Amino acid sequence: MSLKLENIKVNIGGNEILHNINLDIESGEFISLLGQSGCGKSTLLKTIAGLNDLQEGKVILFGKEIQNMPPEKRGTVIVFQDLRLFPHLSVEKNIAFAMNLQKVNKKDQREIISKLLKDVQLEGFENRKIKELSGGQMQRVALARALAARPNILLLDEPFSGLDEKLRIEMGQLVKKLQKENNMTMILVTHDKNEALQLSDRISLMMHGDIIQYDKPYNMYTSPVSREVADYFGRNNYFIGKIQENLFINEYFEIKCNQKDGDYEVMIRPSSIEIDEDKSDYEINEITYLGDFVEITLKRDDKIILVKSSANILSSKSLQINKKVGIKIREEEVTFFKIS
């Protein structure tokens, strides 16, 4: 176990921001703290780094309690959204900053800096001033500087949020590559669900100062523990019905399942529904083209169903607004929430 958080409570300005947080992180894992602004994810990251005081709880790193240890002694390094580079110093001197504090000799520093610049794809940039770099290049310098400190855990507080989509994806891929190559434990704070799904070994989804699900990306997306979790990852379709003898029944369809008898609400993602042009139970109300995908809104009486499909479906010239169609549901992708 690389990091263990036990019953963490944090108050800021008289308000309890984190409520009884528990989290286990294995050595070499990439973990994302995911959630909307104000959910407590950055507060939790700073608490791990020692920048916030605990009211209750323990922070245990490699079996040793560190909650009362000063930040510089913890072996954690945090990369902030604003990077906090020294603008008038060279790239080399920025990267060397932590090594100077650690009294690493100059020869070793040069070797480490040379390797790190190669790792972050900035070879030959040693003498550039920070103010001469692009946003993406500054991100790479901040990453190299953090790695130069040889952290036990690297903490990333939304460092890519100021980049455009292309650069954001590139930086995410670079960080993941370095994490795997160095078998390093990393914790990323993000509100971008796609970023978390693509980069993480596990995701900690936070809301209102609590962790509401901690799981592998695939499990979190396909088996959410609640509607709150399901809806964080996009719009969904919900149906109320009853299960009897492994059959879910409602007024719109029936599907086989392996749930106990009782009343349920089912969640079906738009991508788990297919259009069936051989049936005529629903009317196409809207078609929205999204490049590779298309969203189709179906209507029956007052019920609206959202379908997400490959844009290739539009090659069918008969698929038009007001056309009557049916649906096919991939039963293995349906999530059941028991109604008590």
# chains A, B, ... in the order shown; residues from 1 in each chain; ligands from 1
$ residues_around --residues "Gln55 of chain A" --least-positions-apart "2" --cutoff "8 Å" --atoms "only C-alpha atoms" --output "PDB file with all heavy atoms, in the first residue's frame"
ATOM      1  N   ILE A   8     -10.561  11.040   7.265  1.00  0.00           N
ATOM      2  CA  ILE A   8     -10.065  12.410   7.128  1.00  0.00           C
ATOM      3  C   ILE A   8     -11.214  13.422   7.208  1.00  0.00           C
ATOM      4  O   ILE A   8     -12.192  13.334   6.454  1.00  0.00           O
ATOM      5  CB  ILE A   8      -9.329  12.586   5.772  1.00  0.00           C
ATOM      6  CG1 ILE A   8      -8.110  11.668   5.692  1.00  0.00           C
ATOM      7  CG2 ILE A   8      -8.951  14.047   5.548  1.00  0.00           C
ATOM      8  CD1 ILE A   8      -7.006  11.997   6.636  1.00  0.00           C
ATOM      9  N   LYS A   9     -11.061  14.377   8.118  1.00  0.00           N
ATOM     10  CA  LYS A   9     -11.989  15.510   8.207  1.00  0.00           C
ATOM     11  C   LYS A   9     -11.178  16.795   8.176  1.00  0.00           C
ATOM     12  O   LYS A   9     -10.179  16.926   8.891  1.00  0.00           O
ATOM     13  CB  LYS A   9     -12.829  15.453   9.489  1.00  0.00           C
ATOM     14  CG  LYS A   9     -13.846  14.318   9.513  1.00  0.00           C
ATOM     15  CD  LYS A   9     -14.732  14.395  10.749  1.00  0.00           C
ATOM     16  CE  LYS A   9     -15.749  13.265  10.756  1.00  0.00           C
ATOM     17  NZ  LYS A   9     -16.638  13.314  11.944  1.00  0.00           N
ATOM     18  N   VAL A  10     -11.612  17.746   7.340  1.00  0.00           N
ATOM     19  CA  VAL A  10     -10.907  19.019   7.214  1.00  0.00           C
ATOM     20  C   VAL A  10     -11.916  20.157   7.280  1.00  0.00           C
ATOM     21  O   VAL A  10     -12.921  20.157   6.552  1.00  0.00           O
ATOM     22  CB  VAL A  10     -10.125  19.088   5.884  1.00  0.00           C
ATOM     23  CG1 VAL A  10      -9.523  20.479   5.691  1.00  0.00           C
ATOM     24  CG2 VAL A  10      -9.022  18.028   5.858  1.00  0.00           C
ATOM     25  N   ASN A  11     -11.653  21.119   8.153  1.00  0.00           N
ATOM     26  CA  ASN A  11     -12.464  22.334   8.260  1.00  0.00           C
ATOM     27  C   ASN A  11     -11.667  23.519   7.719  1.00  0.00           C
ATOM     28  O   ASN A  11     -10.479  23.656   8.018  1.00  0.00           O
ATOM     29  CB  ASN A  11     -12.846  22.629   9.710  1.00  0.00           C
ATOM     30  CG  ASN A  11     -13.771  21.579  10.285  1.00  0.00           C
ATOM     31  OD1 ASN A  11     -14.441  20.872   9.542  1.00  0.00           O
ATOM     32  ND2 ASN A  11     -13.791  21.461  11.599  1.00  0.00           N
ATOM     33  N   ASP A  53      -4.461  21.651   7.378  1.00  0.00           N
ATOM     34  CA  ASP A  53      -4.477  20.962   8.668  1.00  0.00           C
ATOM     35  C   ASP A  53      -5.676  20.020   8.752  1.00  0.00           C
ATOM     36  O   ASP A  53      -6.768  20.335   8.272  1.00  0.00           O
ATOM     37  CB  ASP A  53      -4.546  21.967   9.820  1.00  0.00           C
ATOM     38  CG  ASP A  53      -3.270  22.793   9.930  1.00  0.00           C
ATOM     39  OD1 ASP A  53      -2.195  22.255   9.587  1.00  0.00           O
ATOM     40  OD2 ASP A  53      -3.359  23.962  10.337  1.00  0.00           O
ATOM     41  N   GLY A  57      -8.327  12.268  11.640  1.00  0.00           N
ATOM     42  CA  GLY A  57      -7.900  11.305  10.635  1.00  0.00           C
ATOM     43  C   GLY A  57      -6.401  11.117  10.540  1.00  0.00           C
ATOM     44  O   GLY A  57      -5.620  11.792  11.215  1.00  0.00           O
TER      45      GLY A  57
END
$ residues_around --residues "Val104 of chain A" --least-positions-apart "6" --cutoff "12 Å" --atoms "only C-alpha atoms" --output "list of chain:residue names"
A:Ala96, A:Phe97, A:Ala98, A:Arg110, A:Glu111, A:Ile112, A:Ile113, A:Ala148, A:Ala149, A:Arg150
$ atom_distance --atom1 "atom CA of Thr222 of chain A" --atom2 "atom CA of Leu178 of chain A"
28.3 Å
$ residues_around --residues "Ser280 of chain A" --least-positions-apart "3" --cutoff "6 Å" --atoms "only C-alpha atoms" --output "PDB file with N, CA, C and O atoms, in the first residue's frame"
ATOM      1  N   LYS A 324     -41.413   6.811 -37.621  1.00  0.00           N
ATOM      2  CA  LYS A 324     -41.693   5.878 -36.537  1.00  0.00           C
ATOM      3  C   LYS A 324     -40.653   4.757 -36.542  1.00  0.00           C
ATOM      4  O   LYS A 324     -40.380   4.145 -37.580  1.00  0.00           O
ATOM      5  N   VAL A 325     -40.074   4.499 -35.357  1.00  0.00           N
ATOM      6  CA  VAL A 325     -39.064   3.448 -35.230  1.00  0.00           C
ATOM      7  C   VAL A 325     -39.250   2.731 -33.891  1.00  0.00           C
ATOM      8  O   VAL A 325     -40.038   3.163 -33.042  1.00  0.00           O
ATOM      9  N   GLY A 326     -38.487   1.662 -33.700  1.00  0.00           N
ATOM     10  CA  GLY A 326     -38.470   0.971 -32.429  1.00  0.00           C
ATOM     11  C   GLY A 326     -37.075   1.030 -31.822  1.00  0.00           C
ATOM     12  O   GLY A 326     -36.177   1.702 -32.347  1.00  0.00           O
TER      13      GLY A 326
END
$ residues_around --residues "segment 69-76 of chain A" --least-positions-apart "5" --cutoff "12 Å" --atoms "only C-alpha atoms" --output "PyMOL selection string"
chain A and resi 2-3+45-54+58-62+64+98+101-102+146-156+184-187
$ closest_residue --among "A:Lys41, A:Arg84, A:Lys193, A:Lys4" --to "Met207 of chain A" --atoms "only C-alpha atoms"
A:Lys41
$ residues_around --residues "segment 29-39 of chain A" --least-positions-apart "6" --cutoff "6 Å" --atoms "only C-alpha atoms" --output "ChimeraX atom specification"
/A:185-191,196,200-209
$ select_by_dssp --residues "segment 112-179 of chain A" --states "helix (DSSP H, G or I)" --output "PyMOL selection string"
chain A and resi 112-119+130-132+135-148+165-179
$ residues_around --residues "Glu274 of chain A" --least-positions-apart "2" --cutoff "12 Å" --atoms "only C-alpha atoms" --output "list in words"
Ile268, Arg269, Pro270, Ser271, Ser272, Asp276, Glu277, Asp278, Lys279, Val294, Glu295, Ile296, Thr297, Leu298, Ile305, Leu306, Val307, Lys308, Ser309, Ser310, Ile313, Val325, Gly326, Ile327, Lys328, Ile329, Arg330 and Glu331 of chain A
$ atom_distance --atom1 "atom CA of Lys177 of chain A" --atom2 "atom CA of Glu195 of chain A"
14.3 Å
$ closest_residue --among "A:Lys106, A:Lys93, A:Lys260, A:Lys317" --to "Lys129 of chain A" --atoms "only C-alpha atoms"
A:Lys93
$ closest_residue --among "A:Glu92, A:Glu132, A:Glu123, A:Glu181" --to "Arg145 of chain A" --atoms "only C-alpha atoms"
A:Glu92
$ residues_around --residues "Phe336 of chain A" --least-positions-apart "4" --cutoff "9 Å" --atoms "only C-alpha atoms" --output "list in words"
Ser223, Gln259, Tyr264, Glu265, Val266 and Met267 of chain A
$ write_last_selection --atoms "N, CA and C atoms" --output "PDB file, in the first residue's frame"
ATOM      1  N   SER A 223     -21.207   0.321 -13.999  1.00  0.00           N
ATOM      2  CA  SER A 223     -21.916  -0.111 -12.792  1.00  0.00           C
ATOM      3  C   SER A 223     -21.924   0.997 -11.744  1.00  0.00           C
ATOM      4  N   GLN A 259     -31.707 -10.097 -11.378  1.00  0.00           N
ATOM      5  CA  GLN A 259     -31.953  -9.362 -10.142  1.00  0.00           C
ATOM      6  C   GLN A 259     -33.084 -10.021  -9.351  1.00  0.00           C
ATOM      7  N   TYR A 264     -37.887  -1.516  -9.258  1.00  0.00           N
ATOM      8  CA  TYR A 264     -36.584  -1.014  -9.641  1.00  0.00           C
ATOM      9  C   TYR A 264     -36.715   0.206 -10.548  1.00  0.00           C
ATOM     10  N   GLU A 265     -35.659   1.013 -10.525  1.00  0.00           N
ATOM     11  CA  GLU A 265     -35.448   2.015 -11.557  1.00  0.00           C
ATOM     12  C   GLU A 265     -34.235   1.563 -12.351  1.00  0.00           C
ATOM     13  N   VAL A 266     -34.362   1.498 -13.666  1.00  0.00           N
ATOM     14  CA  VAL A 266     -33.219   1.092 -14.473  1.00  0.00           C
ATOM     15  C   VAL A 266     -32.638   2.305 -15.184  1.00  0.00           C
ATOM     16  N   MET A 267     -31.303   2.282 -15.309  1.00  0.00           N
ATOM     17  CA  MET A 267     -30.584   3.317 -16.048  1.00  0.00           C
ATOM     18  C   MET A 267     -30.035   2.675 -17.314  1.00  0.00           C
TER      19      MET A 267
END
$ select_by_dssp --residues "segment 49-86 of chain A" --states "strand (DSSP E or B)" --output "ChimeraX atom specification"
/A:56-61,64-65,76-79
$ closest_residue --among "A:Ser226, A:Asn68, A:Ser315, A:Ser27" --to "Phe337 of chain A" --atoms "only C-alpha atoms"
A:Ser226
$ atom_distance --atom1 "atom CA of Asp302 of chain A" --atom2 "atom CA of Glu245 of chain A"
28.8 Å
$ closest_residue --among "A:Lys303, A:Lys338, A:Lys166, A:Lys176" --to "Gly241 of chain A" --atoms "only C-alpha atoms"
A:Lys338
$ closest_residue --among "A:Met171, A:Leu133, A:Leu44, A:Leu122" --to "His88 of chain A" --atoms "only C-alpha atoms"
A:Leu133
$ decode --residues "segment 83-115 of chain A" --atoms "N, CA, C and O atoms" --output "tab-separated table (two decimals), in the first residue's frame"
chain	number	residue	atom	x	y	z
A	83	LEU	N	1.19	26.52	-12.08
A	83	LEU	CA	2.55	26.02	-12.31
A	83	LEU	C	3.61	26.57	-11.35
A	83	LEU	O	4.50	25.87	-10.94
A	84	ARG	N	3.56	27.89	-11.04
A	84	ARG	CA	4.48	28.51	-10.08
A	84	ARG	C	5.95	28.35	-10.48
A	84	ARG	O	6.81	28.08	-9.65
A	85	LEU	N	6.20	28.51	-11.76
A	85	LEU	CA	7.58	28.53	-12.25
A	85	LEU	C	8.20	29.90	-11.99
A	85	LEU	O	7.48	30.89	-11.80
A	86	PHE	N	9.53	29.97	-12.04
A	86	PHE	CA	10.23	31.24	-11.88
A	86	PHE	C	10.45	31.84	-13.27
A	86	PHE	O	11.29	31.36	-14.04
A	87	PRO	N	9.69	32.90	-13.63
A	87	PRO	CA	9.65	33.36	-15.03
A	87	PRO	C	10.96	33.89	-15.59
A	87	PRO	O	11.19	33.83	-16.79
A	88	HIS	N	11.84	34.43	-14.74
A	88	HIS	CA	13.06	35.04	-15.26
A	88	HIS	C	14.27	34.10	-15.19
A	88	HIS	O	15.38	34.48	-15.57
A	89	LEU	N	14.03	32.88	-14.69
A	89	LEU	CA	15.10	31.89	-14.67
A	89	LEU	C	15.00	30.98	-15.90
A	89	LEU	O	13.95	30.87	-16.52
A	90	SER	N	16.10	30.34	-16.20
A	90	SER	CA	16.12	29.42	-17.34
A	90	SER	C	15.37	28.15	-16.99
A	90	SER	O	15.08	27.85	-15.82
A	91	VAL	N	15.08	27.37	-18.03
A	91	VAL	CA	14.46	26.06	-17.85
A	91	VAL	C	15.31	25.20	-16.92
A	91	VAL	O	14.82	24.58	-15.98
A	92	GLU	N	16.61	25.18	-17.17
A	92	GLU	CA	17.53	24.37	-16.38
A	92	GLU	C	17.49	24.75	-14.91
A	92	GLU	O	17.42	23.88	-14.02
A	93	LYS	N	17.49	26.05	-14.61
A	93	LYS	CA	17.51	26.49	-13.21
A	93	LYS	C	16.18	26.23	-12.52
A	93	LYS	O	16.13	25.98	-11.31
A	94	ASN	N	15.09	26.29	-13.28
A	94	ASN	CA	13.80	25.93	-12.71
A	94	ASN	C	13.77	24.46	-12.30
A	94	ASN	O	13.32	24.12	-11.21
A	95	ILE	N	14.25	23.60	-13.18
A	95	ILE	CA	14.23	22.17	-12.89
A	95	ILE	C	15.17	21.84	-11.73
A	95	ILE	O	14.89	20.95	-10.92
A	96	ALA	N	16.27	22.58	-11.64
A	96	ALA	CA	17.29	22.30	-10.62
A	96	ALA	C	16.88	22.79	-9.24
A	96	ALA	O	17.55	22.46	-8.25
A	97	PHE	N	15.81	23.55	-9.13
A	97	PHE	CA	15.47	24.20	-7.86
A	97	PHE	C	15.39	23.20	-6.69
A	97	PHE	O	16.03	23.39	-5.65
A	98	ALA	N	14.60	22.14	-6.86
A	98	ALA	CA	14.44	21.18	-5.76
A	98	ALA	C	15.75	20.44	-5.49
A	98	ALA	O	16.06	20.12	-4.33
A	99	MET	N	16.50	20.17	-6.54
A	99	MET	CA	17.77	19.46	-6.35
A	99	MET	C	18.79	20.31	-5.59
A	99	MET	O	19.60	19.79	-4.83
A	100	ASN	N	18.73	21.63	-5.77
A	100	ASN	CA	19.61	22.51	-4.99
A	100	ASN	C	19.26	22.43	-3.51
A	100	ASN	O	20.15	22.40	-2.65
A	101	LEU	N	17.96	22.38	-3.21
A	101	LEU	CA	17.53	22.26	-1.82
A	101	LEU	C	17.98	20.93	-1.22
A	101	LEU	O	18.29	20.84	-0.03
A	102	GLN	N	18.01	19.91	-2.07
A	102	GLN	CA	18.42	18.57	-1.62
A	102	GLN	C	19.94	18.39	-1.67
A	102	GLN	O	20.45	17.32	-1.35
A	103	LYS	N	20.64	19.46	-2.10
A	103	LYS	CA	22.11	19.46	-2.17
A	103	LYS	C	22.66	18.37	-3.09
A	103	LYS	O	23.67	17.72	-2.79
A	104	VAL	N	21.98	18.16	-4.22
A	104	VAL	CA	22.49	17.25	-5.25
A	104	VAL	C	23.65	17.94	-5.95
A	104	VAL	O	23.56	19.13	-6.31
A	105	ASN	N	24.75	17.23	-6.18
A	105	ASN	CA	25.91	17.89	-6.79
A	105	ASN	C	25.62	18.26	-8.24
A	105	ASN	O	24.76	17.67	-8.90
A	106	LYS	N	26.37	19.25	-8.76
A	106	LYS	CA	26.09	19.85	-10.07
A	106	LYS	C	26.21	18.84	-11.20
A	106	LYS	O	25.44	18.89	-12.17
A	107	LYS	N	27.16	17.94	-11.12
A	107	LYS	CA	27.33	16.94	-12.18
A	107	LYS	C	26.09	16.05	-12.29
A	107	LYS	O	25.55	15.82	-13.38
A	108	ASP	N	25.60	15.57	-11.14
A	108	ASP	CA	24.39	14.74	-11.13
A	108	ASP	C	23.18	15.55	-11.59
A	108	ASP	O	22.30	15.02	-12.28
A	109	GLN	N	23.15	16.82	-11.19
A	109	GLN	CA	22.04	17.67	-11.63
A	109	GLN	C	21.97	17.75	-13.14
A	109	GLN	O	20.89	17.62	-13.73
A	110	ARG	N	23.11	17.98	-13.78
A	110	ARG	CA	23.13	18.11	-15.23
A	110	ARG	C	22.64	16.82	-15.91
A	110	ARG	O	21.90	16.87	-16.90
A	111	GLU	N	23.05	15.68	-15.37
A	111	GLU	CA	22.62	14.40	-15.94
A	111	GLU	C	21.12	14.20	-15.78
A	111	GLU	O	20.43	13.75	-16.70
A	112	ILE	N	20.62	14.53	-14.58
A	112	ILE	CA	19.19	14.38	-14.31
A	112	ILE	C	18.37	15.32	-15.19
A	112	ILE	O	17.35	14.93	-15.78
A	113	ILE	N	18.82	16.58	-15.31
A	113	ILE	CA	18.09	17.56	-16.13
A	113	ILE	C	18.08	17.13	-17.58
A	113	ILE	O	17.05	17.23	-18.27
A	114	SER	N	19.21	16.65	-18.07
A	114	SER	CA	19.28	16.20	-19.47
A	114	SER	C	18.29	15.07	-19.72
A	114	SER	O	17.57	15.07	-20.74
A	115	LYS	N	18.21	14.10	-18.80
A	115	LYS	CA	17.28	12.99	-18.97
A	115	LYS	C	15.83	13.45	-18.88
A	115	LYS	O	14.97	13.03	-19.68
